Amino acid sequence: MEEIAFNLLREPWIRVMRPDGSVAECSLMQTLLDSHQYLQLAGELPTQNVAILRLLLAVLHTVFYRVDTDGEEAPLEEREDALDRWKSLWDAGHLPEQPIRDYLMKYEDRFWLFHPENPFYQVPSAAGGTYYSAAKLNGALSESANKIRLFAARTGESKASLSYAEAARWLLYLNGFDDTSAKPKGKGLPSPGAGWLGKLGLIYAEGNTLLETLLLNLVLLDDEGEPWGDPRPAWELKIPRSAERTEVIMPDNQVELLTLQSRRILLERKAEKVSGCTLLGGDFFQKINATAEQMTIWNRKDGKKNEEPYDLPKRLEADRQMWRDFSVITGMGSAGRAPGVVRWITLLKKERILDCDRLIRLRITGVKYGDKDFFVEDILADHLDFYASLLEESGKIWVELIQEKILQTEHAAGALRKLADELYLAEGGSPAAGARKARADEAAQEYYASVDIPFRAWLRSIDPAQGDDQDLRQSKDIQWSETAYRIAVNQGERMIQNAGESAFVGRWITDQKNDQQYHHSSVEAFGYFKASIWRCFQFKHQERGEADA
C-alpha cells in the first residue's frame with residue numbers, strides 16, 4: 001500500500017437520511033457537524049449503522065471529555081461536570097463546530113483509508129492473514145469461497161469489488177461483527193471468537209434526529225457515577241497494536257472500547273476499487289462482567305457454588321420480539337442489569353435534564369451466526385417505543401403491570417403450544433417425531449406475531465403522566481387481556497377447524513413413562529385449551545361474556 005488515498009474526514013462515505021427520506025453520503029466531519037439536519041444513519045444494514053454510530057460516539061467522547069463546548073480545555077473530573085457538559089450539548093441543538101474540527105484535523109493523517117504506515121482501522125501486518133474477496137467484505141453478502149449466496153443482492157462486477165466509500169463502511173462492520181472463519185497465522189494462539197459487537201445484543205436509543213441519537217447514547221458516567229478514564233481512541237496510538245489474537249484488559253474508558261480492534265485487517269485495491277482484504281484475529285477480552293459496555297442487553301447468570309452471580313452480554317434470538325424482553329431492557333424486577341444507555345437516560349430524566357414526557361425509541365440489532373460462529377446466518381433488528389417516564393421511580397407501578405401482561409401473553413402462547421401438540425397426536429403424529437415440537441413452536445410463534453403490533457400500540461399508549469390511579473390501571477389491564485384473549489381463542493378455533501375428522505375422532509396413545517393409555521382428540525384438546533386460556537387471563541365471572549364477544 002503505497003499511495004495515500006481517501007481521507008474519511010473529507011470524502012463522503014457515511015450514509016445518512018434527510019428529513020424528506022432521501023439518502024446522502026457525507027464525510028465523517030460533515031456527518032457530525034450537520035447531524036441536527038439528518039434523521040438517522042442509513043447504511044446497508046442496521047449492524048453497519050451501529051458500527052458507524054460507535055465511531056461517531058468515540059469522536060464525541062474524546063473531544064468533549066477534554067474540552068468544553070467553547071473548545072476550552074476542561075477535562076471531566078466530577079459527576080456534575082459530565083452532566084453539565086451533556087446538558088450544554090443537548091440544549092445547543094447542534095454540535096459545536098470548532099472543537100470537533102480542531103480535534104479531527106489534528107489527527108487527519110490517521111483517517112486515510114489507504115496509507116503506507118497507518119491506514120484507518122487497518123494494519124499492514126495483516127497482509128499475511130486469511131484472504132477474502134469483496135463478496136466477503138461486503139456484509140450484505142458475507143460470502144466466502146466456501147459459502148455462495150443463492151440469491152445475492154449483487155452480481156457480476158458489483159459483487160467482485162467495492163467503491164472506497166462502501167469499503168470504508170464495511171471495514172467498520174467487519175471489525176466488529178466478523179465471524180470465526182479466519183485461520184490463525186501463528187500456532188497455539190487463543191481463539192478471540194466472533195468480533196466484539198457480534199457477541200452482543202446491541203441496543204441504542206434513537207432520537208428525532210441523528211444529533212439526538214448521538215447524544216442519547218453519549219454515556220459520560222461509569223457505573224459508579226464518575227467520568228470514564230482518559231479516552232484512548234485507536235487512531236491516537238503512536239504504534240497501533242498489530243499482534244495477532246491479543247487478549248487485552250477490558251478498557252476502562254468508553255473510547256478504547258468503542259474503537260476496539262477486534263480484527264487486524266488490510267484492504268486490497270485494484271483500479272480504484274477495493275477487491276478484497278486480508279484478515280487476522282485482533283484484540284479481545286473476556287465477556288463475563290464486561291460491564292463497561294453500554295450498548296448491550298445483559299443476561300444474569302448464577303455463579304457456581306460459593307460464587308457470585310455474573311452478567312453476560314445477551315445475544316438476540318431470532319423470532320423473539322423485543323417487547324418480550326421488556327424487563328431485561330429496563331432492568332426492573334429480578335431481571336438484573338439494565339443496558340448502560342437505558343440507565344443513562346434514566347439518570348438524565350431523574351436529574352430533569354431530559355424531558356420527562358417524551359417517547360423513547362430503543363433499537364436492538366445483532367448477528368445470528370451458524371456452526372460455532374463460523375459464518376453469518378442472519379441480521380436481527382427490532383425497535384420499541386414507550387414513554388421515558390416508565391423508567392423513573394414513579395413509573396414502576398406501570399412497569400409491574402406491563403411485566404404481568406407479558407407473562408400472561410407468554411402463558412397464552414404456551415396454551416396454544418399445548419393445543420398444537422395435542423392436535424398433532426390426535427391426527428396420528430408420532431409421539432417421538434421431531435415434527436411434534438416444530439408444530440408446537442409454530443403455533444406459539446404465530447400467536448406472538450399476531451399480538452405483536454397490538455402489544456406495541458398498547459405499550460405506547462401507557463403514559464404515566466396521565467396518572468396511576470387504580471381505575472386507570474385496571475382499564476389498561478382489561479384492555480390488553482381482552483385483546484390477547486380474543487386473538488388466542490380465534491387462533492385456537494382455526495387450529496381445531498384445520499385439524500380434520502381424524503383429530504375429531506382421536507386415538508389412544510400409551511405413555512411410555514407409566515404404561516398408561518390416554519385418549520387425544522380435538523374436542524378434548526379444545527376443552528383443555530379454553531379452560532387454560534381462561535385461567536391465564538383471570539377474568540372476573542361477570543366479564544367473561546364481554547371477553548368472549
# chains A, B, ... in the order shown; residues from 1 in each chain; ligands from 1
call {"tool": "residues_around", "arguments": {"residues": "stretch 226-232 of chain A", "least_positions_apart": "4", "cutoff": "8 Å", "atoms": "only C-alpha atoms", "output": "PyMOL selection string"}}
result
chain A and resi 61-62+65+76-79+82+220-222+236-237+252-256
call {"tool": "residues_around", "arguments": {"residues": "stretch 47-51 of chain A", "least_positions_apart": "2", "cutoff": "8 Å", "atoms": "only C-alpha atoms", "output": "list in words"}}
result
Leu41, Ala42, Gly43, Glu44, Leu45, Leu53, Arg54, Leu55, Arg169, Trp170, Leu172, Tyr173, Gly176, Thr365, Gly366, Val367 and Ile379 of chain A
call {"tool": "write_last_selection", "arguments": {"atoms": "all heavy atoms", "output": "tab-separated table (two decimals), in the first residue's frame"}}
result
chain	number	residue	atom	x	y	z
A	41	LEU	N	-28.75	7.49	10.62
A	41	LEU	CA	-27.83	6.80	9.73
A	41	LEU	C	-28.64	5.91	8.81
A	41	LEU	O	-29.69	5.38	9.20
A	41	LEU	CB	-26.82	5.99	10.53
A	41	LEU	CG	-25.85	6.79	11.40
A	41	LEU	CD1	-25.03	5.86	12.29
A	41	LEU	CD2	-24.94	7.66	10.55
A	42	ALA	N	-28.15	5.71	7.59
A	42	ALA	CA	-28.93	4.95	6.60
A	42	ALA	C	-28.02	4.00	5.83
A	42	ALA	O	-28.05	3.95	4.60
A	42	ALA	CB	-29.64	5.90	5.65
A	43	GLY	N	-27.22	3.23	6.56
A	43	GLY	CA	-26.33	2.28	5.92
A	43	GLY	C	-27.05	1.08	5.35
A	43	GLY	O	-28.28	0.95	5.44
A	44	GLU	N	-26.29	0.15	4.76
A	44	GLU	CA	-26.88	-1.01	4.11
A	44	GLU	C	-27.51	-1.99	5.09
A	44	GLU	O	-28.44	-2.71	4.74
A	44	GLU	CB	-25.81	-1.75	3.28
A	44	GLU	CG	-25.41	-1.04	1.99
A	44	GLU	CD	-24.28	-0.05	2.16
A	44	GLU	OE1	-24.04	0.42	3.30
A	44	GLU	OE2	-23.62	0.26	1.17
A	45	LEU	N	-27.00	-2.04	6.33
A	45	LEU	CA	-27.54	-2.94	7.34
A	45	LEU	C	-27.64	-2.20	8.68
A	45	LEU	O	-26.84	-1.31	8.95
A	45	LEU	CB	-26.63	-4.17	7.53
A	45	LEU	CG	-26.56	-5.20	6.41
A	45	LEU	CD1	-25.55	-6.29	6.79
A	45	LEU	CD2	-27.91	-5.82	6.13
A	53	LEU	N	-22.10	4.33	14.17
A	53	LEU	CA	-22.53	5.12	15.33
A	53	LEU	C	-21.47	5.10	16.42
A	53	LEU	O	-21.17	6.13	17.04
A	53	LEU	CB	-23.85	4.56	15.86
A	53	LEU	CG	-24.39	5.19	17.15
A	53	LEU	CD1	-24.74	6.66	16.94
A	53	LEU	CD2	-25.63	4.42	17.65
A	54	ARG	N	-20.87	3.94	16.65
A	54	ARG	CA	-19.85	3.83	17.70
A	54	ARG	C	-18.60	4.64	17.35
A	54	ARG	O	-17.94	5.20	18.23
A	54	ARG	CB	-19.51	2.35	17.95
A	54	ARG	CG	-20.65	1.61	18.65
A	54	ARG	CD	-20.40	0.11	18.71
A	54	ARG	NE	-19.37	-0.27	19.64
A	54	ARG	CZ	-19.58	-0.62	20.91
A	54	ARG	NH1	-20.80	-0.60	21.41
A	54	ARG	NH2	-18.56	-0.99	21.68
A	55	LEU	N	-18.27	4.72	16.07
A	55	LEU	CA	-17.14	5.56	15.66
A	55	LEU	C	-17.45	7.03	15.94
A	55	LEU	O	-16.61	7.76	16.50
A	55	LEU	CB	-16.85	5.36	14.17
A	55	LEU	CG	-15.86	6.34	13.54
A	55	LEU	CD1	-14.47	6.19	14.16
A	55	LEU	CD2	-15.81	6.16	12.03
A	169	ARG	N	-17.29	1.74	4.95
A	169	ARG	CA	-18.41	1.35	5.82
A	169	ARG	C	-18.29	-0.11	6.24
A	169	ARG	O	-18.48	-0.45	7.42
A	169	ARG	CB	-19.74	1.57	5.08
A	169	ARG	CG	-20.04	3.02	4.76
A	169	ARG	CD	-21.49	3.22	4.36
A	169	ARG	NE	-21.85	2.57	3.10
A	169	ARG	CZ	-21.75	3.13	1.91
A	169	ARG	NH1	-21.26	4.36	1.80
A	169	ARG	NH2	-22.13	2.49	0.82
A	170	TRP	N	-17.98	-0.98	5.28
A	170	TRP	CA	-17.91	-2.41	5.60
A	170	TRP	C	-16.67	-2.75	6.42
A	170	TRP	O	-16.64	-3.75	7.13
A	170	TRP	CB	-17.96	-3.24	4.32
A	170	TRP	CG	-19.30	-3.21	3.66
A	170	TRP	CD1	-19.61	-2.77	2.40
A	170	TRP	CD2	-20.54	-3.64	4.23
A	170	TRP	NE1	-20.94	-2.90	2.16
A	170	TRP	CE2	-21.55	-3.43	3.26
A	170	TRP	CE3	-20.90	-4.18	5.46
A	170	TRP	CZ2	-22.89	-3.74	3.49
A	170	TRP	CZ3	-22.24	-4.48	5.69
A	170	TRP	CH2	-23.21	-4.27	4.72
A	172	LEU	N	-15.63	-1.04	9.00
A	172	LEU	CA	-16.07	-0.91	10.39
A	172	LEU	C	-16.95	-2.07	10.80
A	172	LEU	O	-16.85	-2.60	11.91
A	172	LEU	CB	-16.82	0.41	10.59
A	172	LEU	CG	-15.98	1.59	11.07
A	172	LEU	CD1	-14.96	1.99	10.01
A	172	LEU	CD2	-16.86	2.79	11.41
A	173	TYR	N	-17.84	-2.48	9.90
A	173	TYR	CA	-18.72	-3.61	10.17
A	173	TYR	C	-17.91	-4.89	10.40
A	173	TYR	O	-18.13	-5.63	11.37
A	173	TYR	CB	-19.69	-3.81	9.00
A	173	TYR	CG	-20.45	-5.11	9.04
A	173	TYR	CD1	-21.65	-5.22	9.74
A	173	TYR	CD2	-19.96	-6.25	8.41
A	173	TYR	CE1	-22.35	-6.42	9.79
A	173	TYR	CE2	-20.64	-7.45	8.45
A	173	TYR	CZ	-21.83	-7.53	9.14
A	173	TYR	OH	-22.51	-8.72	9.20
A	176	GLY	N	-16.13	-5.25	13.74
A	176	GLY	CA	-16.97	-5.53	14.90
A	176	GLY	C	-17.72	-6.84	14.85
A	176	GLY	O	-17.98	-7.45	15.89
A	365	THR	N	-30.14	-4.66	17.63
A	365	THR	CA	-29.67	-5.34	16.43
A	365	THR	C	-28.54	-6.29	16.80
A	365	THR	O	-27.90	-6.14	17.85
A	365	THR	CB	-29.20	-4.32	15.36
A	365	THR	OG1	-28.95	-5.00	14.13
A	365	THR	CG2	-27.93	-3.61	15.80
A	366	GLY	N	-28.31	-7.25	15.96
A	366	GLY	CA	-27.25	-8.22	16.21
A	366	GLY	C	-27.15	-9.19	15.06
A	366	GLY	O	-27.93	-9.15	14.10
A	367	VAL	N	-26.17	-10.06	15.16
A	367	VAL	CA	-25.91	-11.06	14.13
A	367	VAL	C	-26.23	-12.45	14.66
A	367	VAL	O	-25.90	-12.78	15.80
A	367	VAL	CB	-24.44	-11.00	13.67
A	367	VAL	CG1	-24.08	-12.18	12.79
A	367	VAL	CG2	-24.17	-9.69	12.92
A	379	ILE	N	-29.19	-11.24	9.98
A	379	ILE	CA	-29.08	-9.99	10.73
A	379	ILE	C	-30.42	-9.75	11.41
A	379	ILE	O	-31.47	-9.79	10.77
A	379	ILE	CB	-28.75	-8.81	9.80
A	379	ILE	CG1	-27.45	-9.07	9.04
A	379	ILE	CG2	-28.65	-7.51	10.61
A	379	ILE	CD1	-26.22	-9.20	9.90
call {"tool": "closest_residue", "arguments": {"among": "A:Ala140, A:Val67, A:Ala168, A:Leu459", "to": "A:Ile14", "atoms": "only C-alpha atoms"}}
result
A:Ala168
call {"tool": "closest_residue", "arguments": {"among": "A:Leu218, A:Met105, A:Leu279, A:Leu362", "to": "A:Trp323", "atoms": "only C-alpha atoms"}}
result
A:Leu362
call {"tool": "closest_residue", "arguments": {"among": "A:Val123, A:Leu9, A:Leu425, A:Val328", "to": "A:Gly506", "atoms": "only C-alpha atoms"}}
result
A:Leu425
call {"tool": "atom_distance", "arguments": {"atom1": "atom CA of A:Gly492", "atom2": "atom CA of A:Gln445"}}
result
13.2 Å
call {"tool": "select_by_dssp", "arguments": {"residues": "stretch 74-285 of chain A", "states": "helix (DSSP H, G or I)", "output": "ChimeraX atom specification"}}
result
/A:79-92,97-106,108-111,124-128,134-137,157-160,164-177,196-199,210-216,234-236,254-258
call {"tool": "residues_around", "arguments": {"residues": "stretch 280-283 of chain A", "least_positions_apart": "3", "cutoff": "6 Å", "atoms": "only C-alpha atoms", "output": "PyMOL selection string"}}
result
chain A and resi 129+244-247+261-264
call {"tool": "closest_residue", "arguments": {"among": "A:Asn299, A:Thr259, A:Thr69, A:Ser475", "to": "A:Ser327", "atoms": "only C-alpha atoms"}}
result
A:Asn299
call {"tool": "residues_around", "arguments": {"residues": "stretch 195-201 of chain A", "least_positions_apart": "2", "cutoff": "7 Å", "atoms": "only C-alpha atoms", "output": "number ranges by chain"}}
result
A: 175-179, 193, 203, 262, 296-297, 313-316, 364-367
call {"tool": "write_last_selection", "arguments": {"atoms": "N, CA, C and O atoms", "output": "CSV table (one decimal), in the first residue's frame"}}
result
chain,number,residue,atom,x,y,z
A,175,ASN,N,-14.8,-5.3,11.3
A,175,ASN,CA,-14.0,-5.2,12.5
A,175,ASN,C,-14.9,-5.6,13.7
A,175,ASN,O,-14.4,-6.3,14.6
A,176,GLY,N,-16.1,-5.3,13.7
A,176,GLY,CA,-17.0,-5.5,14.9
A,176,GLY,C,-17.7,-6.8,14.8
A,176,GLY,O,-18.0,-7.4,15.9
A,177,PHE,N,-18.1,-7.3,13.6
A,177,PHE,CA,-19.0,-8.4,13.5
A,177,PHE,C,-18.4,-9.6,12.8
A,177,PHE,O,-19.1,-10.6,12.4
A,178,ASP,N,-17.1,-9.6,12.5
A,178,ASP,CA,-16.5,-10.8,11.8
A,178,ASP,C,-16.8,-12.1,12.5
A,178,ASP,O,-16.8,-12.2,13.7
A,179,ASP,N,-16.9,-13.1,11.6
A,179,ASP,CA,-17.1,-14.5,12.2
A,179,ASP,C,-15.8,-15.1,12.5
A,179,ASP,O,-14.8,-14.4,12.6
A,193,GLY,N,-12.9,-15.6,19.2
A,193,GLY,CA,-14.3,-15.7,18.9
A,193,GLY,C,-14.7,-14.7,17.9
A,193,GLY,O,-13.9,-14.1,17.2
A,203,ILE,N,-28.0,-2.6,21.7
A,203,ILE,CA,-29.1,-1.7,22.0
A,203,ILE,C,-28.7,-0.3,22.0
A,203,ILE,O,-27.6,0.0,22.5
A,262,SER,N,-11.1,-5.6,16.9
A,262,SER,CA,-11.4,-7.0,17.1
A,262,SER,C,-10.6,-7.8,16.0
A,262,SER,O,-10.4,-9.0,16.1
A,296,THR,N,-25.4,-3.0,25.2
A,296,THR,CA,-25.9,-4.4,25.1
A,296,THR,C,-26.9,-4.6,26.1
A,296,THR,O,-27.0,-4.0,27.2
A,297,ILE,N,-27.8,-5.6,25.8
A,297,ILE,CA,-28.6,-6.2,26.9
A,297,ILE,C,-27.9,-7.3,27.6
A,297,ILE,O,-26.9,-7.8,27.0
A,313,PRO,N,-23.2,-10.6,28.2
A,313,PRO,CA,-24.0,-10.0,27.1
A,313,PRO,C,-25.0,-11.0,26.6
A,313,PRO,O,-24.6,-12.2,26.4
A,314,LYS,N,-26.2,-10.6,26.3
A,314,LYS,CA,-27.2,-11.5,25.8
A,314,LYS,C,-27.4,-11.3,24.3
A,314,LYS,O,-27.8,-10.2,23.9
A,315,ARG,N,-27.1,-12.3,23.6
A,315,ARG,CA,-27.3,-12.2,22.1
A,315,ARG,C,-28.8,-12.2,21.8
A,315,ARG,O,-29.6,-12.7,22.6
A,316,LEU,N,-29.2,-11.7,20.7
A,316,LEU,CA,-30.6,-11.7,20.3
A,316,LEU,C,-31.0,-13.0,19.8
A,316,LEU,O,-30.2,-13.8,19.3
A,364,ILE,N,-32.7,-2.5,18.8
A,364,ILE,CA,-31.7,-3.6,19.0
A,364,ILE,C,-31.3,-4.2,17.7
A,364,ILE,O,-32.1,-4.2,16.7
A,365,THR,N,-30.1,-4.7,17.6
A,365,THR,CA,-29.7,-5.3,16.4
A,365,THR,C,-28.5,-6.3,16.8
A,365,THR,O,-27.9,-6.1,17.8
A,366,GLY,N,-28.3,-7.2,16.0
A,366,GLY,CA,-27.3,-8.2,16.2
A,366,GLY,C,-27.1,-9.2,15.1
A,366,GLY,O,-27.9,-9.2,14.1
A,367,VAL,N,-26.2,-10.1,15.2
A,367,VAL,CA,-25.9,-11.1,14.1
A,367,VAL,C,-26.2,-12.4,14.7
A,367,VAL,O,-25.9,-12.8,15.8
call {"tool": "closest_residue", "arguments": {"among": "A:Arg15, A:Lys368, A:His383, A:Arg269", "to": "A:Ala205", "atoms": "only C-alpha atoms"}}
result
A:His383
call {"tool": "closest_residue", "arguments": {"among": "A:Asp68, A:Glu351, A:Arg320, A:Cys536", "to": "A:Asp452", "atoms": "only C-alpha atoms"}}
result
A:Arg320
call {"tool": "residues_around", "arguments": {"residues": "A:Ile353", "least_positions_apart": "6", "cutoff": "10 Å", "atoms": "only C-alpha atoms", "output": "list in words"}}
result
Leu83, Asp84, Trp86, Lys87, Ser88, Trp90, Asp91, Ile345 and Leu347 of chain A
call {"tool": "write_last_selection", "arguments": {"atoms": "N, CA, C and O atoms", "output": "short mmCIF file (atom, residue, chain, number, x, y, z; two decimals), in the first residue's frame"}}
result
data_model
loop_
_atom_site.label_atom_id
_atom_site.label_comp_id
_atom_site.auth_asym_id
_atom_site.auth_seq_id
_atom_site.Cartn_x
_atom_site.Cartn_y
_atom_site.Cartn_z
N LEU A 83 -22.55 15.91 33.64
CA LEU A 83 -23.96 16.23 33.42
C LEU A 83 -24.13 17.62 32.82
O LEU A 83 -24.95 17.83 31.91
N ASP A 84 -23.35 18.57 33.30
CA ASP A 84 -23.42 19.93 32.76
C ASP A 84 -22.95 19.95 31.30
O ASP A 84 -23.55 20.64 30.46
N TRP A 86 -23.05 17.50 29.14
CA TRP A 86 -24.06 16.85 28.29
C TRP A 86 -25.25 17.80 28.07
O TRP A 86 -25.75 17.93 26.95
N LYS A 87 -25.68 18.45 29.12
CA LYS A 87 -26.83 19.37 29.01
C LYS A 87 -26.53 20.52 28.05
O LYS A 87 -27.39 20.93 27.25
N SER A 88 -25.33 21.03 28.10
CA SER A 88 -24.98 22.14 27.21
C SER A 88 -25.00 21.70 25.76
O SER A 88 -25.39 22.46 24.87
N TRP A 90 -26.90 19.20 24.57
CA TRP A 90 -28.30 18.94 24.23
C TRP A 90 -29.06 20.24 23.99
O TRP A 90 -29.82 20.37 23.03
N ASP A 91 -28.85 21.21 24.86
CA ASP A 91 -29.58 22.48 24.76
C ASP A 91 -29.17 23.28 23.53
O ASP A 91 -29.97 24.07 23.01
N ILE A 345 -30.16 7.24 30.31
CA ILE A 345 -31.38 8.01 30.04
C ILE A 345 -32.21 8.15 31.32
O ILE A 345 -32.78 9.21 31.59
N LEU A 347 -31.03 8.30 34.33
CA LEU A 347 -30.36 9.32 35.14
C LEU A 347 -30.67 10.72 34.62
O LEU A 347 -30.94 11.64 35.40
#
